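Chemist: Pasting protein.pdb below, which is PDB, C-alpha atoms, pLDDT in the B column.
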```
ATOM      1  CA  MET Q   1       0.000   0.000   0.000  1.00 48.00           C
ATOM      2  CA  ILE Q   2       2.858   2.384   0.777  1.00 48.00           C
ATOM      3  CA  GLY Q   3       4.434   1.599  -2.565  1.00 48.00           C
ATOM      4  CA  ALA Q   4       1.160   2.298  -4.372  1.00 46.00           C
ATOM      5  CA  SER Q   5       0.807   5.583  -2.496  1.00 52.00           C
ATOM      6  CA  LEU Q   6       4.311   6.616  -3.507  1.00 54.00           C
ATOM      7  CA  CYS Q   7       3.473   5.923  -7.116  1.00 52.00           C
ATOM      8  CA  PHE Q   8       0.018   7.470  -7.392  1.00 48.00           C
ATOM      9  CA  LEU Q   9      -0.018  10.059  -4.585  1.00 59.00           C
ATOM     10  CA  GLN Q  10       3.562  11.289  -4.712  1.00 67.00           C
ATOM     11  CA  GLU Q  11       2.556  14.844  -5.665  1.00 78.00           C
ATOM     12  CA  LYS Q  12       0.346  15.060  -2.586  1.00 74.00           C
ATOM     13  CA  ILE Q  13       3.226  13.772  -0.454  1.00 73.00           C
ATOM     14  CA  LEU Q  14       5.910  15.994  -1.970  1.00 84.00           C
ATOM     15  CA  PHE Q  15       3.946  19.203  -2.536  1.00 91.00           C
ATOM     16  CA  LEU Q  16       1.861  20.774   0.240  1.00 92.00           C
ATOM     17  CA  PRO Q  17       0.425  23.961  -1.250  1.00 96.00           C
ATOM     18  CA  THR Q  18      -2.103  26.233   0.323  1.00 97.00           C
ATOM     19  CA  THR Q  19      -4.235  28.334  -2.005  1.00 97.00           C
ATOM     20  CA  LEU Q  20      -5.295  31.970  -1.967  1.00 98.00           C
ATOM     21  CA  ALA Q  21      -8.269  33.697  -3.540  1.00 98.00           C
ATOM     22  CA  GLN Q  22      -7.280  35.695  -6.606  1.00 97.00           C
ATOM     23  CA  ASN Q  23      -8.429  38.876  -4.866  1.00 97.00           C
ATOM     24  CA  TYR Q  24      -6.446  38.181  -1.693  1.00 98.00           C
ATOM     25  CA  GLN Q  25      -4.618  41.330  -0.575  1.00 98.00           C
ATOM     26  CA  PHE Q  26      -1.047  40.848   0.664  1.00 97.00           C
ATOM     27  CA  GLU Q  27       0.168  43.042   3.516  1.00 96.00           C
ATOM     28  CA  PHE Q  28       3.844  43.394   4.417  1.00 96.00           C
ATOM     29  CA  ARG Q  29       6.097  45.852   6.227  1.00 94.00           C
ATOM     30  CA  TYR Q  30       8.108  46.751   3.119  1.00 95.00           C
ATOM     31  CA  PRO Q  31       7.024  48.103  -0.268  1.00 95.00           C
ATOM     32  CA  PHE Q  32       6.342  45.431  -2.865  1.00 97.00           C
ATOM     33  CA  GLU Q  33       4.785  44.863  -6.247  1.00 97.00           C
ATOM     34  CA  GLU Q  34       2.509  41.902  -6.925  1.00 98.00           C
ATOM     35  CA  LEU Q  35       3.164  40.280 -10.299  1.00 98.00           C
ATOM     36  CA  PHE Q  36       1.627  37.604 -12.498  1.00 98.00           C
ATOM     37  CA  PHE Q  37       3.869  35.848 -15.012  1.00 98.00           C
ATOM     38  CA  LYS Q  38       2.355  34.042 -17.989  1.00 98.00           C
ATOM     39  CA  THR Q  39       5.124  31.473 -18.323  1.00 97.00           C
ATOM     40  CA  ALA Q  40       3.105  29.211 -20.649  1.00 96.00           C
ATOM     41  CA  ASP Q  41      -0.338  29.228 -22.261  1.00 95.00           C
ATOM     42  CA  ASP Q  42      -1.976  27.473 -19.318  1.00 96.00           C
ATOM     43  CA  VAL Q  43       0.268  28.775 -16.533  1.00 98.00           C
ATOM     44  CA  SER Q  44       0.030  31.879 -14.340  1.00 98.00           C
ATOM     45  CA  ILE Q  45       2.725  32.402 -11.723  1.00 98.00           C
ATOM     46  CA  ASN Q  46       2.093  34.802  -8.850  1.00 98.00           C
ATOM     47  CA  ALA Q  47       5.155  36.590  -7.474  1.00 98.00           C
ATOM     48  CA  LEU Q  48       6.111  39.347  -5.069  1.00 98.00           C
ATOM     49  CA  HIS Q  49       8.865  41.839  -5.866  1.00 98.00           C
ATOM     50  CA  PHE Q  50      10.077  43.712  -2.810  1.00 97.00           C
ATOM     51  CA  LYS Q  51      12.065  46.843  -3.606  1.00 95.00           C
ATOM     52  CA  THR Q  52      14.327  48.975  -1.431  1.00 94.00           C
ATOM     53  CA  VAL Q  53      16.098  52.281  -1.949  1.00 92.00           C
ATOM     54  CA  ASN Q  54      19.631  51.808  -3.340  1.00 93.00           C
ATOM     55  CA  PRO Q  55      19.631  47.992  -2.963  1.00 96.00           C
ATOM     56  CA  LYS Q  56      22.864  46.031  -2.677  1.00 97.00           C
ATOM     57  CA  GLY Q  57      21.422  43.558  -5.168  1.00 97.00           C
ATOM     58  CA  VAL Q  58      18.430  41.301  -5.627  1.00 98.00           C
ATOM     59  CA  ILE Q  59      17.642  37.885  -4.168  1.00 98.00           C
ATOM     60  CA  LEU Q  60      15.612  35.415  -6.223  1.00 98.00           C
ATOM     61  CA  TYR Q  61      14.106  33.215  -3.502  1.00 98.00           C
ATOM     62  CA  PHE Q  62      12.685  29.720  -4.014  1.00 98.00           C
ATOM     63  CA  HIS Q  63      10.655  28.542  -1.059  1.00 98.00           C
ATOM     64  CA  GLY Q  64       9.883  25.188   0.503  1.00 96.00           C
ATOM     65  CA  ASN Q  65       7.178  22.676  -0.369  1.00 95.00           C
ATOM     66  CA  GLY Q  66       4.415  24.043   1.864  1.00 95.00           C
ATOM     67  CA  GLY Q  67       2.380  27.208   2.223  1.00 96.00           C
ATOM     68  CA  ASP Q  68       2.089  30.192  -0.101  1.00 98.00           C
ATOM     69  CA  LEU Q  69       3.340  33.750  -0.521  1.00 98.00           C
ATOM     70  CA  SER Q  70       1.347  35.083   2.419  1.00 97.00           C
ATOM     71  CA  ARG Q  71       3.824  33.143   4.584  1.00 95.00           C
ATOM     72  CA  TRP Q  72       6.941  33.208   2.445  1.00 97.00           C
ATOM     73  CA  GLY Q  73       6.677  36.915   1.817  1.00 96.00           C
ATOM     74  CA  ILE Q  74       7.114  37.502   5.541  1.00 95.00           C
ATOM     75  CA  ILE Q  75      10.236  35.338   5.523  1.00 93.00           C
ATOM     76  CA  GLY Q  76      11.510  37.204   2.473  1.00 92.00           C
ATOM     77  CA  GLU Q  77      11.247  40.462   4.387  1.00 93.00           C
ATOM     78  CA  HIS Q  78      14.248  39.374   6.432  1.00 92.00           C
ATOM     79  CA  PHE Q  79      16.410  39.906   3.355  1.00 95.00           C
ATOM     80  CA  VAL Q  80      14.721  43.193   2.525  1.00 95.00           C
ATOM     81  CA  SER Q  81      15.796  44.372   5.984  1.00 94.00           C
ATOM     82  CA  LEU Q  82      19.396  43.712   4.857  1.00 95.00           C
ATOM     83  CA  ASN Q  83      18.822  46.180   2.005  1.00 96.00           C
ATOM     84  CA  TYR Q  84      18.227  43.717  -0.825  1.00 97.00           C
ATOM     85  CA  ASP Q  85      15.422  43.648  -3.335  1.00 98.00           C
ATOM     86  CA  VAL Q  86      13.687  40.261  -3.260  1.00 98.00           C
ATOM     87  CA  LEU Q  87      11.632  38.366  -5.832  1.00 98.00           C
ATOM     88  CA  ILE Q  88       9.650  35.360  -4.573  1.00 98.00           C
ATOM     89  CA  MET Q  89       7.341  33.268  -6.724  1.00 98.00           C
ATOM     90  CA  ASP Q  90       4.653  30.780  -5.766  1.00 98.00           C
ATOM     91  CA  TYR Q  91       4.956  27.471  -7.590  1.00 98.00           C
ATOM     92  CA  ARG Q  92       2.159  26.143  -9.765  1.00 97.00           C
ATOM     93  CA  THR Q  93      -0.944  25.262  -7.655  1.00 97.00           C
ATOM     94  CA  TYR Q  94       0.421  27.325  -4.722  1.00 98.00           C
ATOM     95  CA  GLY Q  95      -1.331  30.503  -3.569  1.00 98.00           C
ATOM     96  CA  LYS Q  96      -2.713  32.275  -6.635  1.00 98.00           C
ATOM     97  CA  SER Q  97      -0.442  30.451  -9.100  1.00 98.00           C
ATOM     98  CA  LYS Q  98      -2.015  28.074 -11.594  1.00 98.00           C
ATOM     99  CA  GLY Q  99      -0.730  25.381 -13.917  1.00 97.00           C
ATOM    100  CA  LYS Q 100      -0.019  21.687 -14.124  1.00 96.00           C
ATOM    101  CA  LEU Q 101       2.718  20.424 -11.848  1.00 95.00           C
ATOM    102  CA  SER Q 102       5.815  18.951 -13.448  1.00 94.00           C
ATOM    103  CA  GLU Q 103       9.499  19.022 -12.630  1.00 96.00           C
ATOM    104  CA  GLN Q 104      10.300  20.761 -15.904  1.00 97.00           C
ATOM    105  CA  GLY Q 105       7.547  23.257 -15.144  1.00 97.00           C
ATOM    106  CA  PHE Q 106       9.340  24.278 -11.939  1.00 98.00           C
ATOM    107  CA  TYR Q 107      12.524  24.898 -13.912  1.00 98.00           C
ATOM    108  CA  ASP Q 108      10.753  26.773 -16.704  1.00 98.00           C
ATOM    109  CA  ASP Q 109       8.975  29.108 -14.279  1.00 98.00           C
ATOM    110  CA  ALA Q 110      12.221  29.758 -12.404  1.00 98.00           C
ATOM    111  CA  GLU Q 111      13.971  30.576 -15.675  1.00 98.00           C
ATOM    112  CA  TYR Q 112      11.214  33.044 -16.514  1.00 98.00           C
ATOM    113  CA  CYS Q 113      11.732  34.812 -13.175  1.00 98.00           C
ATOM    114  CA  TYR Q 114      15.481  34.977 -13.717  1.00 98.00           C
ATOM    115  CA  ASN Q 115      15.039  36.502 -17.159  1.00 98.00           C
ATOM    116  CA  TYR Q 116      12.548  38.976 -15.700  1.00 98.00           C
ATOM    117  CA  LEU Q 117      15.201  40.172 -13.246  1.00 98.00           C
ATOM    118  CA  LEU Q 118      17.780  40.506 -16.007  1.00 98.00           C
ATOM    119  CA  LYS Q 119      15.669  43.313 -17.470  1.00 97.00           C
ATOM    120  CA  SER Q 120      16.398  45.476 -14.423  1.00 97.00           C
ATOM    121  CA  TYR Q 121      19.506  44.018 -12.771  1.00 97.00           C
ATOM    122  CA  SER Q 122      22.915  42.900 -13.944  1.00 97.00           C
ATOM    123  CA  GLU Q 123      23.624  39.217 -13.454  1.00 97.00           C
ATOM    124  CA  GLU Q 124      26.435  39.989 -11.030  1.00 96.00           C
ATOM    125  CA  ASP Q 125      23.831  41.544  -8.688  1.00 97.00           C
ATOM    126  CA  ILE Q 126      21.568  38.460  -8.576  1.00 98.00           C
ATOM    127  CA  VAL Q 127      21.733  36.110  -5.579  1.00 98.00           C
ATOM    128  CA  LEU Q 128      19.919  32.786  -5.874  1.00 98.00           C
ATOM    129  CA  TYR Q 129      18.467  31.481  -2.615  1.00 98.00           C
ATOM    130  CA  GLY Q 130      16.805  28.101  -2.201  1.00 98.00           C
ATOM    131  CA  ARG Q 131      15.151  26.685   0.877  1.00 98.00           C
ATOM    132  CA  SER Q 132      14.320  22.978   1.203  1.00 97.00           C
ATOM    133  CA  LEU Q 133      12.465  21.996  -2.013  1.00 97.00           C
ATOM    134  CA  GLY Q 134      13.599  25.280  -3.541  1.00 98.00           C
ATOM    135  CA  THR Q 135      17.293  24.375  -3.206  1.00 98.00           C
ATOM    136  CA  GLY Q 136      17.050  22.053  -6.208  1.00 98.00           C
ATOM    137  CA  ILE Q 137      15.434  24.767  -8.313  1.00 98.00           C
ATOM    138  CA  ALA Q 138      17.964  27.408  -7.259  1.00 98.00           C
ATOM    139  CA  THR Q 139      20.836  25.021  -8.000  1.00 98.00           C
ATOM    140  CA  TYR Q 140      19.386  24.262 -11.435  1.00 98.00           C
ATOM    141  CA  LEU Q 141      19.299  27.981 -12.276  1.00 98.00           C
ATOM    142  CA  ALA Q 142      22.813  28.545 -10.969  1.00 98.00           C
ATOM    143  CA  SER Q 143      24.070  25.760 -13.240  1.00 98.00           C
ATOM    144  CA  LYS Q 144      22.614  27.569 -16.275  1.00 98.00           C
ATOM    145  CA  HIS Q 145      23.673  31.124 -15.437  1.00 98.00           C
ATOM    146  CA  GLN Q 146      26.355  33.202 -13.734  1.00 97.00           C
ATOM    147  CA  PRO Q 147      24.729  34.733 -10.634  1.00 98.00           C
ATOM    148  CA  LYS Q 148      26.703  36.403  -7.893  1.00 98.00           C
ATOM    149  CA  GLN Q 149      25.997  33.754  -5.240  1.00 98.00           C
ATOM    150  CA  LEU Q 150      24.042  30.553  -4.573  1.00 98.00           C
ATOM    151  CA  ILE Q 151      22.707  30.131  -1.017  1.00 98.00           C
ATOM    152  CA  LEU Q 152      21.122  26.826  -0.021  1.00 98.00           C
ATOM    153  CA  GLU Q 153      19.208  26.386   3.236  1.00 98.00           C
ATOM    154  CA  THR Q 154      18.536  22.745   4.177  1.00 98.00           C
ATOM    155  CA  PRO Q 155      19.567  21.356   0.766  1.00 98.00           C
ATOM    156  CA  TYR Q 156      19.397  17.758  -0.466  1.00 98.00           C
ATOM    157  CA  PHE Q 157      21.492  15.550  -2.731  1.00 98.00           C
ATOM    158  CA  SER Q 158      18.325  14.771  -4.702  1.00 96.00           C
ATOM    159  CA  ILE Q 159      14.661  14.174  -3.922  1.00 89.00           C
ATOM    160  CA  LEU Q 160      15.325  10.549  -4.802  1.00 84.00           C
ATOM    161  CA  ASP Q 161      18.013  10.429  -2.108  1.00 88.00           C
ATOM    162  CA  VAL Q 162      15.639  11.868   0.510  1.00 86.00           C
ATOM    163  CA  ALA Q 163      12.931   9.393  -0.494  1.00 77.00           C
ATOM    164  CA  LYS Q 164      15.357   6.479  -0.209  1.00 73.00           C
ATOM    165  CA  HIS Q 165      16.128   7.572   3.342  1.00 69.00           C
ATOM    166  CA  ARG Q 166      12.434   7.411   4.235  1.00 67.00           C
ATOM    167  CA  PHE Q 167      11.371   4.416   2.166  1.00 57.00           C
ATOM    168  CA  PRO Q 168      14.499   2.272   1.719  1.00 51.00           C
ATOM    169  CA  ILE Q 169      12.730  -0.942   0.682  1.00 46.00           C
ATOM    170  CA  PHE Q 170      10.969   0.403  -2.418  1.00 48.00           C
ATOM    171  CA  PRO Q 171      12.270   0.698  -6.020  1.00 45.00           C
ATOM    172  CA  LEU Q 172      12.001   4.466  -5.911  1.00 52.00           C
ATOM    173  CA  LYS Q 173      13.987   5.109  -9.058  1.00 56.00           C
ATOM    174  CA  THR Q 174      11.127   3.638 -11.079  1.00 57.00           C
ATOM    175  CA  LEU Q 175       8.318   4.990  -8.883  1.00 66.00           C
ATOM    176  CA  LEU Q 176       9.214   8.679  -8.573  1.00 74.00           C
ATOM    177  CA  LYS Q 177       8.305  11.221 -11.240  1.00 81.00           C
ATOM    178  CA  TYR Q 178      10.291  13.954  -9.484  1.00 89.00           C
ATOM    179  CA  GLU Q 179      14.015  13.750  -8.816  1.00 90.00           C
ATOM    180  CA  PHE Q 180      15.336  17.353  -8.544  1.00 95.00           C
ATOM    181  CA  PRO Q 181      18.934  16.103  -8.942  1.00 97.00           C
ATOM    182  CA  SER Q 182      20.851  18.870  -7.201  1.00 98.00           C
ATOM    183  CA  ASN Q 183      23.875  16.566  -7.235  1.00 98.00           C
ATOM    184  CA  GLU Q 184      23.968  16.767 -11.031  1.00 98.00           C
ATOM    185  CA  PHE Q 185      23.279  20.481 -11.302  1.00 98.00           C
ATOM    186  CA  ILE Q 186      25.783  21.616  -8.697  1.00 98.00           C
ATOM    187  CA  THR Q 187      28.789  20.260 -10.597  1.00 98.00           C
ATOM    188  CA  SER Q 188      28.180  22.955 -13.242  1.00 98.00           C
ATOM    189  CA  VAL Q 189      27.802  25.883 -10.823  1.00 98.00           C
ATOM    190  CA  ASN Q 190      30.547  28.486 -11.213  1.00 97.00           C
ATOM    191  CA  CYS Q 191      29.543  31.017  -8.555  1.00 98.00           C
ATOM    192  CA  PRO Q 192      30.289  30.819  -4.802  1.00 98.00           C
ATOM    193  CA  ILE Q 193      28.025  28.344  -2.973  1.00 98.00           C
ATOM    194  CA  MET Q 194      26.987  28.505   0.680  1.00 98.00           C
ATOM    195  CA  MET Q 195      25.042  25.715   2.372  1.00 98.00           C
ATOM    196  CA  PHE Q 196      23.352  25.799   5.777  1.00 98.00           C
ATOM    197  CA  HIS Q 197      22.046  22.618   7.375  1.00 98.00           C
ATOM    198  CA  GLY Q 198      21.056  21.545  10.865  1.00 98.00           C
ATOM    199  CA  THR Q 199      22.107  18.266  12.428  1.00 98.00           C
ATOM    200  CA  ASP Q 200      18.582  17.591  13.758  1.00 98.00           C
ATOM    201  CA  ASP Q 201      16.708  18.093  10.478  1.00 97.00           C
ATOM    202  CA  SER Q 202      13.932  15.482  10.435  1.00 94.00           C
ATOM    203  CA  VAL Q 203      12.714  16.354   6.914  1.00 94.00           C
ATOM    204  CA  ILE Q 204      15.914  16.440   4.845  1.00 96.00           C
ATOM    205  CA  PRO Q 205      18.659  14.378   6.486  1.00 96.00           C
ATOM    206  CA  TYR Q 206      21.881  16.157   7.342  1.00 97.00           C
ATOM    207  CA  SER Q 207      23.642  13.296   5.546  1.00 97.00           C
ATOM    208  CA  SER Q 208      21.915  14.211   2.262  1.00 97.00           C
ATOM    209  CA  ALA Q 209      23.292  17.746   2.457  1.00 98.00           C
ATOM    210  CA  GLN Q 210      26.738  16.372   3.256  1.00 98.00           C
ATOM    211  CA  LYS Q 211      26.559  14.189   0.150  1.00 98.00           C
ATOM    212  CA  LEU Q 212      25.672  17.248  -1.920  1.00 98.00           C
ATOM    213  CA  LYS Q 213      28.630  19.136  -0.503  1.00 98.00           C
ATOM    214  CA  SER Q 214      30.925  16.245  -1.411  1.00 98.00           C
ATOM    215  CA  VAL Q 215      30.148  16.602  -5.139  1.00 98.00           C
ATOM    216  CA  ALA Q 216      30.010  20.422  -5.214  1.00 98.00           C
ATOM    217  CA  PRO Q 217      32.988  22.382  -6.616  1.00 98.00           C
ATOM    218  CA  GLU Q 218      35.396  22.232  -3.684  1.00 96.00           C
ATOM    219  CA  ASN Q 219      37.019  25.614  -4.188  1.00 96.00           C
ATOM    220  CA  LYS Q 220      33.661  27.410  -4.451  1.00 97.00           C
ATOM    221  CA  THR Q 221      31.643  25.724  -1.682  1.00 98.00           C
ATOM    222  CA  LYS Q 222      31.274  26.461   2.017  1.00 98.00           C
ATOM    223  CA  PHE Q 223      29.119  24.376   4.367  1.00 98.00           C
ATOM    224  CA  ILE Q 224      27.912  25.618   7.743  1.00 98.00           C
ATOM    225  CA  THR Q 225      26.750  22.946  10.160  1.00 98.00           C
ATOM    226  CA  ILE Q 226      24.245  24.160  12.725  1.00 98.00           C
ATOM    227  CA  GLU Q 227      24.343  21.831  15.718  1.00 98.00           C
ATOM    228  CA  GLY Q 228      20.834  21.092  16.932  1.00 98.00           C
ATOM    229  CA  GLY Q 229      19.259  22.911  14.009  1.00 98.00           C
ATOM    230  CA  GLY Q 230      16.024  21.514  12.611  1.00 98.00           C
ATOM    231  CA  HIS Q 231      14.330  21.984   9.276  1.00 97.00           C
ATOM    232  CA  ASN Q 232      12.379  25.157   9.970  1.00 95.00           C
ATOM    233  CA  ASN Q 233      14.299  26.963  12.698  1.00 97.00           C
ATOM    234  CA  LEU Q 234      17.760  27.814  11.349  1.00 97.00           C
ATOM    235  CA  ILE Q 235      16.927  31.513  11.452  1.00 95.00           C
ATOM    236  CA  SER Q 236      16.837  31.290  15.247  1.00 96.00           C
ATOM    237  CA  PHE Q 237      20.545  30.345  15.383  1.00 97.00           C
ATOM    238  CA  ASP Q 238      23.233  33.022  15.519  1.00 97.00           C
ATOM    239  CA  LEU Q 239      25.483  30.909  13.289  1.00 97.00           C
ATOM    240  CA  TYR Q 240      22.930  31.149  10.483  1.00 97.00           C
ATOM    241  CA  LYS Q 241      22.153  34.827  11.039  1.00 95.00           C
ATOM    242  CA  ASP Q 242      25.821  35.789  11.174  1.00 96.00           C
ATOM    243  CA  GLY Q 243      26.543  33.719   8.078  1.00 96.00           C
ATOM    244  CA  ILE Q 244      23.788  35.403   6.095  1.00 96.00           C
ATOM    245  CA  LYS Q 245      24.863  38.875   7.190  1.00 93.00           C
ATOM    246  CA  THR Q 246      28.435  38.135   6.128  1.00 94.00           C
ATOM    247  CA  LEU Q 247      27.310  36.853   2.720  1.00 94.00           C
ATOM    248  CA  LEU Q 248      25.002  39.788   2.080  1.00 93.00           C
ATOM    249  CA  PHE Q 249      27.163  42.528   3.600  1.00 85.00           C
TER     250      PHE Q 249
END
```
Please render this file's structure as structure tokens.

Modeler:
Amino acid sequence: MIGASLCFLQEKILFLPTTLAQNYQFEFRYPFEELFFKTADDVSINALHFKTVNPKGVILYFHGNGGDLSRWGIIGEHFVSLNYDVLIMDYRTYGKSKGKLSEQGFYDDAEYCYNYLLKSYSEEDIVLYGRSLGTGIATYLASKHQPKQLILETPYFSILDVAKHRFPIFPLKTLLKYEFPSNEFITSVNCPIMMFHGTDDSVIPYSSAQKLKSVAPENKTKFITIEGGGHNNLISFDLYKDGIKTLLF
């Protein structure tokens, strides 16, 4: 039964979106623009673009597998407070975004957002930030472009690797439609890479992040271990906060 669930219900296991009414009004502490990107004929991607005065650069943020922009926008404000513009998109079926889920669809929508930023920012001013699920998407983009920095919070070797940790007895390679192979993408990344991962992460094993670090370009990659850190609380640790401030100084 578990094997059948993995095969037929894997999208419901992997993706945990919440939805918003199309007329939902976002409220945040910092100025922002709400955007809708028509990335394909049947796709509409909702995004928030926070803007500051004289920004140090712009962060393209890819969030985790749950929630919507009403939550992730608040988290994005942390980077606005460090004087960065921030662009955050909701994935297909999340929040106000619409479209059929597919792994390639995630990459295509991310590429659209990157190209949108290139109209207003130079590539050397773009920082890619991925959290949890979003680390695979951010790493994919970094492998295709030349951003200033790639920051990964609670990254994974691949979704397949995480699934094997949870369900070791099943032939997951044939069952899973989604792999998000960060391990393959990261070998082509040419910008500096910073990874943050907690030792007590119960969602993405610390060992999966270590495996990713082992195949990343050695001279470009730094890995910060947060002892006792979980999956959703790294921001409460000084080691994470100090690391982010140093990166975004």

Chemist: Applying the PyMOL selection byres ((chain Q and resi 183) around 10) to the file I just gave you, which residues come out? Please list them as a PyMOL selection string.

Modeler: chain Q and resi 136+139-140+156-158+161+180-182+184-188+208-209+211-216

Chemist: From the list Q:Cys191, Q:Met89, Q:Ala110, Q:Ile224, which residue is nearest Glu34 (chain Q) when using only C-alpha atoms?

Modeler: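 That would be Q:Met89, the residue with the smallest distance to Glu34 (chain Q).
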
Chemist: Using all atoms listed in the file, which residue out of Q:Gln149, Q:Asn190, Q:Thr39, Q:Asn54 lies closest to Asp85 (chain Q)?

Modeler: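 Checking each candidate against Asp85 (chain Q), we get Q:Asn54 as the closest.
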
Chemist: So what do you get for CA of Tyr240 (chain Q) versus CA of Ser143 (chain Q), distance-wise?

Modeler: 24.4 Å

Chemist: For the atom pair CA of Leu239 (chain Q) and CA of Pro155 (chain Q), what is the interatomic distance in Å to one decimal place?

Modeler: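 Calculated distance between CA of Leu239 (chain Q) and CA of Pro155 (chain Q) is 16.8 Å.
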
Chemist: Between Q:Arg71, Q:His78, Q:Arg29, Q:Lys220, which has the minimum distance to Gly95 (chain Q) (counting all atoms listed in the file)?

Modeler: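 Closest residue, counting all atoms listed in the file: Q:Arg71.
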
Chemist: Measuring atom to atom with only C-alpha atoms, identify which of Q:Gln104, Q:Thr221, Q:Ser122, Q:Gln25 is nearest to Ile151 (chain Q).

Modeler: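 Smallest separation from Ile151 (chain Q) among the options: Q:Thr221.
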
Chemist: How many Å separate CA of His231 (chain Q) from CA of Ile59 (chain Q)?

Modeler: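 Spanning CA of His231 (chain Q) to CA of Ile59 (chain Q) is a straight-line distance of 21.1 Å.
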
Chemist: Run the PyMOL selection byres ((chain Q and resi 117) around 12) mentally over the shown coordinates, then write out the matched residues as a JSON list (two decimals) with C-alpha atoms, in the frame of the given file, using the chain letters and numbers from the document.

Modeler:
```json
[["chain", "number", "residue", "atom", "x", "y", "z"],
["Q", 49, "HIS", "CA", 8.86, 41.84, -5.87],
["Q", 57, "GLY", "CA", 21.42, 43.56, -5.17],
["Q", 58, "VAL", "CA", 18.43, 41.30, -5.63],
["Q", 59, "ILE", "CA", 17.64, 37.88, -4.17],
["Q", 60, "LEU", "CA", 15.61, 35.42, -6.22],
["Q", 85, "ASP", "CA", 15.42, 43.65, -3.34],
["Q", 86, "VAL", "CA", 13.69, 40.26, -3.26],
["Q", 87, "LEU", "CA", 11.63, 38.37, -5.83],
["Q", 88, "ILE", "CA", 9.65, 35.36, -4.57],
["Q", 110, "ALA", "CA", 12.22, 29.76, -12.40],
["Q", 111, "GLU", "CA", 13.97, 30.58, -15.68],
["Q", 112, "TYR", "CA", 11.21, 33.04, -16.51],
["Q", 113, "CYS", "CA", 11.73, 34.81, -13.18],
["Q", 114, "TYR", "CA", 15.48, 34.98, -13.72],
["Q", 115, "ASN", "CA", 15.04, 36.50, -17.16],
["Q", 116, "TYR", "CA", 12.55, 38.98, -15.70],
["Q", 118, "LEU", "CA", 17.78, 40.51, -16.01],
["Q", 119, "LYS", "CA", 15.67, 43.31, -17.47],
["Q", 120, "SER", "CA", 16.40, 45.48, -14.42],
["Q", 121, "TYR", "CA", 19.51, 44.02, -12.77],
["Q", 122, "SER", "CA", 22.92, 42.90, -13.94],
["Q", 123, "GLU", "CA", 23.62, 39.22, -13.45],
["Q", 124, "GLU", "CA", 26.44, 39.99, -11.03],
["Q", 125, "ASP", "CA", 23.83, 41.54, -8.69],
["Q", 126, "ILE", "CA", 21.57, 38.46, -8.58],
["Q", 127, "VAL", "CA", 21.73, 36.11, -5.58],
["Q", 128, "LEU", "CA", 19.92, 32.79, -5.87],
["Q", 147, "PRO", "CA", 24.73, 34.73, -10.63]]
```

Chemist: List the residues selected by the PyMOL selection byres ((chain Q and resi 131) around 12) in the file shown, writing them as a PyMOL selection string.

Modeler: chain Q and resi 60-66+72+75-76+88+128-130+132-139+150-156+194-197+204+231-235

Chemist: Could you please take those selected residues and save C-alpha atoms as a tab-separated table (two decimals), in the frame of the given file?

Modeler:
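What follows is the written file part.tsv:
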```
chain	number	residue	atom	x	y	z
Q	60	LEU	CA	15.61	35.42	-6.22
Q	61	TYR	CA	14.11	33.22	-3.50
Q	62	PHE	CA	12.68	29.72	-4.01
Q	63	HIS	CA	10.66	28.54	-1.06
Q	64	GLY	CA	9.88	25.19	0.50
Q	65	ASN	CA	7.18	22.68	-0.37
Q	66	GLY	CA	4.42	24.04	1.86
Q	72	TRP	CA	6.94	33.21	2.44
Q	75	ILE	CA	10.24	35.34	5.52
Q	76	GLY	CA	11.51	37.20	2.47
Q	88	ILE	CA	9.65	35.36	-4.57
Q	128	LEU	CA	19.92	32.79	-5.87
Q	129	TYR	CA	18.47	31.48	-2.62
Q	130	GLY	CA	16.80	28.10	-2.20
Q	132	SER	CA	14.32	22.98	1.20
Q	133	LEU	CA	12.46	22.00	-2.01
Q	134	GLY	CA	13.60	25.28	-3.54
Q	135	THR	CA	17.29	24.38	-3.21
Q	136	GLY	CA	17.05	22.05	-6.21
Q	137	ILE	CA	15.43	24.77	-8.31
Q	138	ALA	CA	17.96	27.41	-7.26
Q	139	THR	CA	20.84	25.02	-8.00
Q	150	LEU	CA	24.04	30.55	-4.57
Q	151	ILE	CA	22.71	30.13	-1.02
Q	152	LEU	CA	21.12	26.83	-0.02
Q	153	GLU	CA	19.21	26.39	3.24
Q	154	THR	CA	18.54	22.74	4.18
Q	155	PRO	CA	19.57	21.36	0.77
Q	156	TYR	CA	19.40	17.76	-0.47
Q	194	MET	CA	26.99	28.50	0.68
Q	195	MET	CA	25.04	25.72	2.37
Q	196	PHE	CA	23.35	25.80	5.78
Q	197	HIS	CA	22.05	22.62	7.38
Q	204	ILE	CA	15.91	16.44	4.84
Q	231	HIS	CA	14.33	21.98	9.28
Q	232	ASN	CA	12.38	25.16	9.97
Q	233	ASN	CA	14.30	26.96	12.70
Q	234	LEU	CA	17.76	27.81	11.35
Q	235	ILE	CA	16.93	31.51	11.45
```

Chemist: Select all residues near (2.3, 34.8, -16.5) (cut-off 12 Å, inclusive, file coordinates), counting all atoms listed in the file, and output them as a ChimeraX atom specification.

Modeler: /Q:34-47,89-92,96-99,108-110,112-113,116

Chemist: Which of these residues is nearest to Lys56 (chain Q), using all atoms listed in the file: Q:Thr246, Q:Asn83, Q:Thr19, Q:Ser70?

Modeler: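 That would be Q:Asn83, the residue with the smallest distance to Lys56 (chain Q).
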
Chemist: Which residue, Q:Phe26, Q:Tyr206, Q:Tyr178, Q:Tyr84, has the smallest gap to Glu227 (chain Q) when you use only C-alpha atoms?

Modeler: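 Ranking Q:Phe26, Q:Tyr206, Q:Tyr178, Q:Tyr84 by distance to Glu227 (chain Q), first place goes to Q:Tyr206.
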
Chemist: Using only C-alpha atoms and a cutoff of 9 Å, can you tell me which residues are near (7.0, 47.2, -3.9) in the file's coordinates, and write them out as a VMD selection string?

Modeler: chain Q and resid 30 to 34 48 to 52
